[in-house]
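*Asks:* Handing you this structure, nothing more for now.
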Amino acid sequence: MKYAWIDEYLLQKPAVTKDLKQEWNWVRYMIGGKMFAAVLLDWSGVPYYINLKLEPAEGELMRQQWPDIVPGYYSNKQHWNSIKPDGDVPDELMKAMLDKSYELVLKGFSKKKREEILSC
């Protein structure tokens, strides 16, 4: 996978947890119990997509600009996007999209819950 740095990058964010959803074989990155990114693995452990959340208009724009970004695999295709792990999306763009996904999910919590999550 081109983005070998993804695990370290996401786990350094405040309050992020990681698990393996065994039924799907997805490594999920979560904040406050809600997923904001996932590395989708085939049954031999090789990544085939990285899922992340974007505002619908931004996701559509990214899909038009980058052939390696497609509507979310097994996800809400309006909000979720899948990126090919060995594609041409630059590292800096991938980091920016992961940051936006994290912020989107975090902003979905009430102010009180956000403060609670970030204080842990």
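Labels used: A, B, ... for chains in the order of the structure tokens, numbers from 1 for residues in each chain, and numbers from 1 for ligands as shown.
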Might you pull out every residue within 10 Å of region 94-98 of chain A, with only C-alpha atoms counted and same-chain residues fewer than 2 positions away left off, and present them as a list in words?
*Replies:*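 Within the cut-off, the hits are Tyr3, Trp5, Ile6, Tyr9, Leu10, Phe36, Ala37, Ile50, Asn51, Leu52, Lys53, Leu54, Glu58, Gly59, Met62, Asn81, Ile83, Val89, Pro90, Asp91, Glu92, Lys100, Ser101, Tyr102, Glu103 and Leu104 of chain A.
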*Asks:* Under the rule that only C-alpha atoms are counted, which of A:Lys13, A:Asp68, A:Arg114, A:Gln22 is the nearest residue to Pro85 (chain A)?
*Replies:* A:Asp68
*Asks:* Kindly indicate which residue among A:Glu60, A:Asp7, A:Asp42, A:Glu55 lies nearest to Val105 (chain A), using only C-alpha atoms for the distances.
*Replies:*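 Counting only C-alpha atoms, the residue closest to Val105 (chain A) is A:Glu55.
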*Asks:* Record the distance separating CA of Leu61 (chain A) and CA of Ser82 (chain A), expressed in Å with one decimal.
*Replies:*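 Taking CA of Leu61 (chain A) as the start and CA of Ser82 (chain A) as the end point, the length is 13.5 Å.
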*Asks:* Identify, with DSSP run on backbone atoms, the residues in chain A assigned to helix (DSSP H, G or I), and express the list as a PyMOL selection string.
*Replies:* chain A and resi 6-11+56-65+91-107+111-119
*Asks:* Could you tell me how far CA of Tyr49 (chain A) lies from CA of Asn76 (chain A), in Å and to one decimal?
*Replies:*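 These two atoms are separated by 14.8 Å.
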*Asks:* Between A:Tyr29, A:Trp24, A:Ser75, A:Leu106, which one has atoms that come closest to Glu8 (chain A), using only C-alpha atoms?
*Replies:*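 Checking each of A:Tyr29, A:Trp24, A:Ser75, A:Leu106 against Glu8 (chain A), counting only C-alpha atoms, the winner is A:Tyr29.
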*Asks:* Any idea what the distance is between CA of Tyr74 (chain A) and CA of Trp43 (chain A)?
*Replies:*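 So the two atoms, CA of Tyr74 (chain A) and CA of Trp43 (chain A), lie 16.0 Å apart.
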*Asks:* From the list A:Ala38, A:Met1, A:Ser44, A:Gly32, which residue is nearest Lys84 (chain A) when using only C-alpha atoms?
*Replies:*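 The answer is A:Met1, which sits nearest to Lys84 (chain A).
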*Asks:* If we count only C-alpha atoms, what is near Thr17 (chain A) at a cut-off of 7 Å, once residues fewer than 3 positions away on the same chain are taken out, given as a PDB file with N, CA, C and O atoms, in the first residue's frame?
*Replies:*
```
ATOM      1  N   LEU A  11      -3.641   7.678  14.172  1.00  0.00           N
ATOM      2  CA  LEU A  11      -3.611   7.411  15.617  1.00  0.00           C
ATOM      3  C   LEU A  11      -3.005   8.551  16.429  1.00  0.00           C
ATOM      4  O   LEU A  11      -3.207   8.617  17.647  1.00  0.00           O
ATOM      5  N   TYR A  29     -10.972   3.390  11.938  1.00  0.00           N
ATOM      6  CA  TYR A  29     -10.471   4.471  12.778  1.00  0.00           C
ATOM      7  C   TYR A  29     -11.685   5.262  13.223  1.00  0.00           C
ATOM      8  O   TYR A  29     -12.497   5.679  12.394  1.00  0.00           O
ATOM      9  N   MET A  30     -11.796   5.442  14.546  1.00  0.00           N
ATOM     10  CA  MET A  30     -13.022   6.004  15.092  1.00  0.00           C
ATOM     11  C   MET A  30     -12.708   7.115  16.088  1.00  0.00           C
ATOM     12  O   MET A  30     -11.626   7.139  16.676  1.00  0.00           O
ATOM     13  N   ILE A  31     -13.695   7.972  16.242  1.00  0.00           N
ATOM     14  CA  ILE A  31     -13.654   8.989  17.281  1.00  0.00           C
ATOM     15  C   ILE A  31     -15.028   8.980  17.942  1.00  0.00           C
ATOM     16  O   ILE A  31     -16.053   8.995  17.258  1.00  0.00           O
TER      17      ILE A  31
END
```
*Asks:* So which residues of chain A fall under strand (DSSP E or B) by DSSP, listed as an mmCIF file with all heavy atoms, in the first residue's frame?
*Replies:*
```cif
data_model
loop_
_atom_site.group_PDB
_atom_site.id
_atom_site.type_symbol
_atom_site.label_atom_id
_atom_site.label_comp_id
_atom_site.auth_asym_id
_atom_site.auth_seq_id
_atom_site.Cartn_x
_atom_site.Cartn_y
_atom_site.Cartn_z
ATOM 1 N N VAL A 16 -8.540 9.282 18.905
ATOM 2 C CA VAL A 16 -8.784 8.274 17.869
ATOM 3 C C VAL A 16 -8.514 6.880 18.414
ATOM 4 O O VAL A 16 -7.520 6.643 19.104
ATOM 5 C CB VAL A 16 -7.917 8.543 16.616
ATOM 6 C CG1 VAL A 16 -7.970 7.371 15.640
ATOM 7 C CG2 VAL A 16 -8.373 9.810 15.926
ATOM 8 N N THR A 17 -9.426 5.973 18.094
ATOM 9 C CA THR A 17 -9.238 4.559 18.413
ATOM 10 C C THR A 17 -9.266 3.772 17.112
ATOM 11 O O THR A 17 -9.749 4.249 16.084
ATOM 12 C CB THR A 17 -10.328 4.037 19.365
ATOM 13 O OG1 THR A 17 -11.604 4.209 18.739
ATOM 14 C CG2 THR A 17 -10.290 4.770 20.701
ATOM 15 N N LYS A 18 -8.768 2.563 17.182
ATOM 16 C CA LYS A 18 -8.671 1.700 16.007
ATOM 17 C C LYS A 18 -9.144 0.308 16.390
ATOM 18 O O LYS A 18 -8.880 -0.147 17.505
ATOM 19 C CB LYS A 18 -7.203 1.673 15.569
ATOM 20 C CG LYS A 18 -6.832 0.647 14.546
ATOM 21 C CD LYS A 18 -5.322 0.720 14.313
ATOM 22 C CE LYS A 18 -4.787 -0.574 13.795
ATOM 23 N NZ LYS A 18 -3.336 -0.537 13.590
ATOM 24 N N ASP A 19 -9.868 -0.337 15.484
ATOM 25 C CA ASP A 19 -10.231 -1.735 15.704
ATOM 26 C C ASP A 19 -10.298 -2.455 14.360
ATOM 27 O O ASP A 19 -10.146 -1.834 13.309
ATOM 28 C CB ASP A 19 -11.538 -1.868 16.488
ATOM 29 C CG ASP A 19 -12.792 -1.496 15.700
ATOM 30 O OD1 ASP A 19 -12.717 -1.192 14.497
ATOM 31 O OD2 ASP A 19 -13.887 -1.505 16.300
ATOM 32 N N LEU A 20 -10.474 -3.739 14.431
ATOM 33 C CA LEU A 20 -10.668 -4.550 13.230
ATOM 34 C C LEU A 20 -12.079 -5.103 13.278
ATOM 35 O O LEU A 20 -12.436 -5.852 14.187
ATOM 36 C CB LEU A 20 -9.672 -5.716 13.174
ATOM 37 C CG LEU A 20 -9.899 -6.718 12.037
ATOM 38 C CD1 LEU A 20 -9.664 -6.073 10.675
ATOM 39 C CD2 LEU A 20 -9.013 -7.944 12.212
ATOM 40 N N LYS A 21 -12.893 -4.695 12.325
ATOM 41 C CA LYS A 21 -14.250 -5.238 12.201
ATOM 42 C C LYS A 21 -14.092 -6.544 11.431
ATOM 43 O O LYS A 21 -13.972 -6.553 10.202
ATOM 44 C CB LYS A 21 -15.145 -4.229 11.462
ATOM 45 C CG LYS A 21 -16.547 -4.695 11.235
ATOM 46 C CD LYS A 21 -17.362 -4.552 12.489
ATOM 47 C CE LYS A 21 -18.829 -4.816 12.169
ATOM 48 N NZ LYS A 21 -19.650 -4.832 13.334
ATOM 49 N N TRP A 26 -12.217 -4.945 7.909
ATOM 50 C CA TRP A 26 -11.894 -3.527 7.797
ATOM 51 C C TRP A 26 -11.165 -3.084 9.055
ATOM 52 O O TRP A 26 -11.609 -3.363 10.171
ATOM 53 C CB TRP A 26 -13.144 -2.674 7.689
ATOM 54 C CG TRP A 26 -13.912 -2.753 6.417
ATOM 55 C CD1 TRP A 26 -13.842 -3.714 5.451
ATOM 56 C CD2 TRP A 26 -14.910 -1.831 5.988
ATOM 57 N NE1 TRP A 26 -14.725 -3.441 4.447
ATOM 58 C CE2 TRP A 26 -15.403 -2.285 4.742
ATOM 59 C CE3 TRP A 26 -15.434 -0.668 6.522
ATOM 60 C CZ2 TRP A 26 -16.386 -1.605 4.038
ATOM 61 C CZ3 TRP A 26 -16.411 0.002 5.822
ATOM 62 C CH2 TRP A 26 -16.879 -0.463 4.581
ATOM 63 N N VAL A 27 -10.070 -2.352 8.892
ATOM 64 C CA VAL A 27 -9.420 -1.676 10.002
ATOM 65 C C VAL A 27 -10.085 -0.310 10.094
ATOM 66 O O VAL A 27 -10.001 0.492 9.168
ATOM 67 C CB VAL A 27 -7.897 -1.530 9.770
ATOM 68 C CG1 VAL A 27 -7.258 -0.747 10.906
ATOM 69 C CG2 VAL A 27 -7.242 -2.894 9.605
ATOM 70 N N ARG A 28 -10.800 -0.086 11.206
ATOM 71 C CA ARG A 28 -11.593 1.139 11.351
ATOM 72 C C ARG A 28 -10.906 2.110 12.302
ATOM 73 O O ARG A 28 -10.366 1.710 13.325
ATOM 74 C CB ARG A 28 -12.985 0.825 11.891
ATOM 75 C CG ARG A 28 -13.766 -0.130 11.014
ATOM 76 C CD ARG A 28 -15.150 -0.378 11.536
ATOM 77 N NE ARG A 28 -15.114 -0.856 12.928
ATOM 78 C CZ ARG A 28 -16.199 -1.014 13.685
ATOM 79 N NH1 ARG A 28 -17.393 -0.738 13.214
ATOM 80 N NH2 ARG A 28 -16.088 -1.462 14.919
ATOM 81 N N TYR A 29 -10.972 3.390 11.938
ATOM 82 C CA TYR A 29 -10.471 4.471 12.778
ATOM 83 C C TYR A 29 -11.685 5.262 13.223
ATOM 84 O O TYR A 29 -12.497 5.679 12.394
ATOM 85 C CB TYR A 29 -9.484 5.340 11.994
ATOM 86 C CG TYR A 29 -8.272 4.545 11.578
ATOM 87 C CD1 TYR A 29 -8.258 3.840 10.376
ATOM 88 C CD2 TYR A 29 -7.155 4.452 12.405
ATOM 89 C CE1 TYR A 29 -7.165 3.083 10.008
ATOM 90 C CE2 TYR A 29 -6.055 3.684 12.037
ATOM 91 C CZ TYR A 29 -6.070 3.009 10.842
ATOM 92 O OH TYR A 29 -4.986 2.239 10.480
ATOM 93 N N MET A 30 -11.796 5.442 14.546
ATOM 94 C CA MET A 30 -13.022 6.004 15.092
ATOM 95 C C MET A 30 -12.708 7.115 16.088
ATOM 96 O O MET A 30 -11.626 7.139 16.676
ATOM 97 C CB MET A 30 -13.832 4.898 15.743
ATOM 98 C CG MET A 30 -14.068 3.813 14.733
ATOM 99 S SD MET A 30 -15.113 2.413 15.059
ATOM 100 C CE MET A 30 -15.497 2.250 16.661
ATOM 101 N N ILE A 31 -13.695 7.972 16.242
ATOM 102 C CA ILE A 31 -13.654 8.989 17.281
ATOM 103 C C ILE A 31 -15.028 8.980 17.942
ATOM 104 O O ILE A 31 -16.053 8.995 17.258
ATOM 105 C CB ILE A 31 -13.272 10.385 16.746
ATOM 106 C CG1 ILE A 31 -13.175 11.359 17.894
ATOM 107 C CG2 ILE A 31 -14.194 10.857 15.657
ATOM 108 C CD1 ILE A 31 -12.409 12.607 17.594
ATOM 109 N N LYS A 34 -17.565 6.549 16.526
ATOM 110 C CA LYS A 34 -18.030 6.694 15.141
ATOM 111 C C LYS A 34 -16.846 6.638 14.190
ATOM 112 O O LYS A 34 -15.828 7.305 14.396
ATOM 113 C CB LYS A 34 -18.777 8.016 14.950
ATOM 114 C CG LYS A 34 -20.081 8.051 15.702
ATOM 115 C CD LYS A 34 -20.895 9.235 15.287
ATOM 116 C CE LYS A 34 -22.244 9.170 15.999
ATOM 117 N NZ LYS A 34 -23.212 10.050 15.396
ATOM 118 N N MET A 35 -17.005 5.856 13.139
ATOM 119 C CA MET A 35 -15.938 5.682 12.159
ATOM 120 C C MET A 35 -15.782 6.933 11.308
ATOM 121 O O MET A 35 -16.753 7.519 10.861
ATOM 122 C CB MET A 35 -16.267 4.482 11.260
ATOM 123 C CG MET A 35 -15.176 4.154 10.267
ATOM 124 S SD MET A 35 -15.546 2.689 9.283
ATOM 125 C CE MET A 35 -16.748 3.358 8.141
ATOM 126 N N PHE A 36 -14.523 7.328 11.086
ATOM 127 C CA PHE A 36 -14.249 8.416 10.154
ATOM 128 C C PHE A 36 -13.326 7.971 9.023
ATOM 129 O O PHE A 36 -13.198 8.663 8.011
ATOM 130 C CB PHE A 36 -13.681 9.653 10.878
ATOM 131 C CG PHE A 36 -12.271 9.495 11.376
ATOM 132 C CD1 PHE A 36 -11.194 9.890 10.591
ATOM 133 C CD2 PHE A 36 -12.021 8.971 12.628
ATOM 134 C CE1 PHE A 36 -9.891 9.757 11.055
ATOM 135 C CE2 PHE A 36 -10.728 8.842 13.103
ATOM 136 C CZ PHE A 36 -9.655 9.235 12.317
ATOM 137 N N ALA A 37 -12.707 6.806 9.155
ATOM 138 C CA ALA A 37 -11.858 6.266 8.092
ATOM 139 C C ALA A 37 -11.741 4.762 8.292
ATOM 140 O O ALA A 37 -11.906 4.249 9.403
ATOM 141 C CB ALA A 37 -10.481 6.913 8.110
ATOM 142 N N ALA A 38 -11.434 4.069 7.191
ATOM 143 C CA ALA A 38 -11.240 2.624 7.274
ATOM 144 C C ALA A 38 -10.311 2.177 6.148
ATOM 145 O O ALA A 38 -10.334 2.735 5.047
ATOM 146 C CB ALA A 38 -12.572 1.890 7.163
ATOM 147 N N VAL A 39 -9.497 1.179 6.464
ATOM 148 C CA VAL A 39 -8.692 0.511 5.443
ATOM 149 C C VAL A 39 -9.359 -0.835 5.219
ATOM 150 O O VAL A 39 -9.463 -1.659 6.137
ATOM 151 C CB VAL A 39 -7.228 0.340 5.892
ATOM 152 C CG1 VAL A 39 -6.438 -0.444 4.850
ATOM 153 C CG2 VAL A 39 -6.578 1.705 6.149
ATOM 154 N N LEU A 40 -9.853 -1.034 3.999
ATOM 155 C CA LEU A 40 -10.581 -2.249 3.652
ATOM 156 C C LEU A 40 -9.589 -3.286 3.150
ATOM 157 O O LEU A 40 -8.838 -3.025 2.201
ATOM 158 C CB LEU A 40 -11.624 -1.948 2.565
ATOM 159 C CG LEU A 40 -12.848 -1.126 2.992
ATOM 160 C CD1 LEU A 40 -12.520 0.197 3.628
ATOM 161 C CD2 LEU A 40 -13.765 -0.931 1.814
ATOM 162 N N LEU A 41 -9.579 -4.441 3.804
ATOM 163 C CA LEU A 41 -8.618 -5.500 3.480
ATOM 164 C C LEU A 41 -9.305 -6.660 2.787
ATOM 165 O O LEU A 41 -10.432 -7.026 3.141
ATOM 166 C CB LEU A 41 -7.958 -6.014 4.761
ATOM 167 C CG LEU A 41 -7.291 -4.970 5.659
ATOM 168 C CD1 LEU A 41 -6.856 -5.608 6.967
ATOM 169 C CD2 LEU A 41 -6.119 -4.323 4.954
ATOM 170 N N PRO A 47 -4.773 -4.333 1.453
ATOM 171 C CA PRO A 47 -5.758 -3.246 1.315
ATOM 172 C C PRO A 47 -6.249 -3.116 -0.127
ATOM 173 O O PRO A 47 -5.459 -3.197 -1.067
ATOM 174 C CB PRO A 47 -4.975 -1.991 1.720
ATOM 175 C CG PRO A 47 -3.807 -2.485 2.491
ATOM 176 C CD PRO A 47 -3.483 -3.829 1.929
ATOM 177 N N TYR A 48 -7.571 -2.931 -0.282
ATOM 178 C CA TYR A 48 -8.111 -2.700 -1.620
ATOM 179 C C TYR A 48 -8.811 -1.350 -1.718
ATOM 180 O O TYR A 48 -9.029 -0.852 -2.827
ATOM 181 C CB TYR A 48 -9.008 -3.839 -2.090
ATOM 182 C CG TYR A 48 -10.240 -4.109 -1.269
ATOM 183 C CD1 TYR A 48 -11.452 -3.510 -1.560
ATOM 184 C CD2 TYR A 48 -10.183 -5.002 -0.193
ATOM 185 C CE1 TYR A 48 -12.587 -3.780 -0.805
ATOM 186 C CE2 TYR A 48 -11.312 -5.270 0.566
ATOM 187 C CZ TYR A 48 -12.503 -4.656 0.254
ATOM 188 O OH TYR A 48 -13.616 -4.920 1.004
ATOM 189 N N TYR A 49 -9.168 -0.727 -0.612
ATOM 190 C CA TYR A 49 -9.711 0.624 -0.598
ATOM 191 C C TYR A 49 -9.424 1.257 0.755
ATOM 192 O O TYR A 49 -9.257 0.559 1.763
ATOM 193 C CB TYR A 49 -11.231 0.651 -0.784
ATOM 194 C CG TYR A 49 -11.709 0.604 -2.206
ATOM 195 C CD1 TYR A 49 -12.644 -0.345 -2.601
ATOM 196 C CD2 TYR A 49 -11.266 1.517 -3.160
ATOM 197 C CE1 TYR A 49 -13.103 -0.404 -3.905
ATOM 198 C CE2 TYR A 49 -11.717 1.457 -4.467
ATOM 199 C CZ TYR A 49 -12.635 0.512 -4.828
ATOM 200 O OH TYR A 49 -13.093 0.462 -6.118
ATOM 201 N N ILE A 50 -9.412 2.589 0.761
ATOM 202 C CA ILE A 50 -9.412 3.374 1.992
ATOM 203 C C ILE A 50 -10.676 4.217 1.935
ATOM 204 O O ILE A 50 -10.885 4.955 0.967
ATOM 205 C CB ILE A 50 -8.170 4.273 2.074
ATOM 206 C CG1 ILE A 50 -6.901 3.412 2.090
ATOM 207 C CG2 ILE A 50 -8.242 5.178 3.320
ATOM 208 C CD1 ILE A 50 -5.638 4.174 1.779
ATOM 209 N N ASN A 51 -11.543 4.059 2.927
ATOM 210 C CA ASN A 51 -12.798 4.812 2.960
ATOM 211 C C ASN A 51 -12.661 6.004 3.896
ATOM 212 O O ASN A 51 -12.078 5.884 4.976
ATOM 213 C CB ASN A 51 -13.948 3.935 3.457
ATOM 214 C CG ASN A 51 -14.580 3.125 2.362
ATOM 215 O OD1 ASN A 51 -14.053 3.019 1.263
ATOM 216 N ND2 ASN A 51 -15.730 2.542 2.646
ATOM 217 N N LEU A 52 -13.229 7.130 3.455
ATOM 218 C CA LEU A 52 -13.276 8.312 4.304
ATOM 219 C C LEU A 52 -14.476 9.153 3.925
ATOM 220 O O LEU A 52 -15.066 8.986 2.861
ATOM 221 C CB LEU A 52 -11.977 9.119 4.221
ATOM 222 C CG LEU A 52 -11.444 9.498 2.843
ATOM 223 C CD1 LEU A 52 -12.118 10.731 2.294
ATOM 224 C CD2 LEU A 52 -9.955 9.731 2.933
ATOM 225 N N LYS A 53 -14.847 10.036 4.827
ATOM 226 C CA LYS A 53 -16.056 10.846 4.672
ATOM 227 C C LYS A 53 -15.683 12.258 4.224
ATOM 228 O O LYS A 53 -14.711 12.834 4.725
ATOM 229 C CB LYS A 53 -16.790 10.893 6.018
ATOM 230 C CG LYS A 53 -18.157 11.474 5.976
ATOM 231 C CD LYS A 53 -18.832 11.312 7.322
ATOM 232 C CE LYS A 53 -20.291 11.697 7.232
ATOM 233 N NZ LYS A 53 -20.992 11.494 8.489
ATOM 234 N N ILE A 69 -10.413 7.859 -6.943
ATOM 235 C CA ILE A 69 -11.396 8.137 -5.891
ATOM 236 C C ILE A 69 -12.770 7.816 -6.467
ATOM 237 O O ILE A 69 -13.159 8.351 -7.499
ATOM 238 C CB ILE A 69 -11.338 9.601 -5.416
ATOM 239 C CG1 ILE A 69 -9.935 9.932 -4.889
ATOM 240 C CG2 ILE A 69 -12.395 9.850 -4.336
ATOM 241 C CD1 ILE A 69 -9.746 11.382 -4.488
ATOM 242 N N VAL A 70 -13.473 6.915 -5.807
ATOM 243 C CA VAL A 70 -14.775 6.450 -6.278
ATOM 244 C C VAL A 70 -15.797 6.555 -5.142
ATOM 245 O O VAL A 70 -15.417 6.732 -3.982
ATOM 246 C CB VAL A 70 -14.691 4.987 -6.806
ATOM 247 C CG1 VAL A 70 -13.746 4.901 -8.005
ATOM 248 C CG2 VAL A 70 -14.255 4.023 -5.716
ATOM 249 N N PRO A 71 -17.099 6.452 -5.467
ATOM 250 C CA PRO A 71 -18.102 6.462 -4.390
ATOM 251 C C PRO A 71 -17.806 5.371 -3.355
ATOM 252 O O PRO A 71 -17.276 4.308 -3.685
ATOM 253 C CB PRO A 71 -19.410 6.186 -5.133
ATOM 254 C CG PRO A 71 -19.160 6.656 -6.521
ATOM 255 C CD PRO A 71 -17.703 6.348 -6.786
ATOM 256 N N TRP A 80 -19.515 9.094 1.637
ATOM 257 C CA TRP A 80 -18.290 8.312 1.779
ATOM 258 C C TRP A 80 -17.624 8.114 0.423
ATOM 259 O O TRP A 80 -18.288 7.983 -0.604
ATOM 260 C CB TRP A 80 -18.594 6.963 2.430
ATOM 261 C CG TRP A 80 -18.910 7.127 3.881
ATOM 262 C CD1 TRP A 80 -20.131 7.375 4.427
ATOM 263 C CD2 TRP A 80 -17.984 7.103 4.965
ATOM 264 N NE1 TRP A 80 -20.013 7.504 5.792
ATOM 265 C CE2 TRP A 80 -18.710 7.340 6.151
ATOM 266 C CE3 TRP A 80 -16.616 6.894 5.051
ATOM 267 C CZ2 TRP A 80 -18.104 7.374 7.401
ATOM 268 C CZ3 TRP A 80 -16.017 6.931 6.303
ATOM 269 C CH2 TRP A 80 -16.756 7.166 7.467
ATOM 270 N N ASN A 81 -16.302 8.079 0.463
ATOM 271 C CA ASN A 81 -15.488 7.944 -0.740
ATOM 272 C C ASN A 81 -14.457 6.861 -0.501
ATOM 273 O O ASN A 81 -13.962 6.696 0.611
ATOM 274 C CB ASN A 81 -14.792 9.266 -1.035
ATOM 275 C CG ASN A 81 -15.796 10.373 -1.257
ATOM 276 O OD1 ASN A 81 -16.262 10.568 -2.359
ATOM 277 N ND2 ASN A 81 -16.177 11.076 -0.197
ATOM 278 N N SER A 82 -14.127 6.135 -1.563
ATOM 279 C CA SER A 82 -13.122 5.084 -1.490
ATOM 280 C C SER A 82 -11.947 5.462 -2.380
ATOM 281 O O SER A 82 -12.136 5.863 -3.527
ATOM 282 C CB SER A 82 -13.699 3.745 -1.949
ATOM 283 O OG SER A 82 -14.714 3.315 -1.070
ATOM 284 N N ILE A 83 -10.753 5.330 -1.824
ATOM 285 C CA ILE A 83 -9.532 5.669 -2.545
ATOM 286 C C ILE A 83 -8.725 4.396 -2.737
ATOM 287 O O ILE A 83 -8.533 3.623 -1.793
ATOM 288 C CB ILE A 83 -8.705 6.723 -1.768
ATOM 289 C CG1 ILE A 83 -9.488 8.040 -1.653
ATOM 290 C CG2 ILE A 83 -7.391 7.002 -2.459
ATOM 291 C CD1 ILE A 83 -10.280 8.180 -0.424
#
```
*Asks:* Return the single residue from A:His79, A:Gln65, A:Ser110, A:Glu23 that is closest to Leu93 (chain A), with distances computed using only C-alpha atoms.
*Replies:* A:Gln65
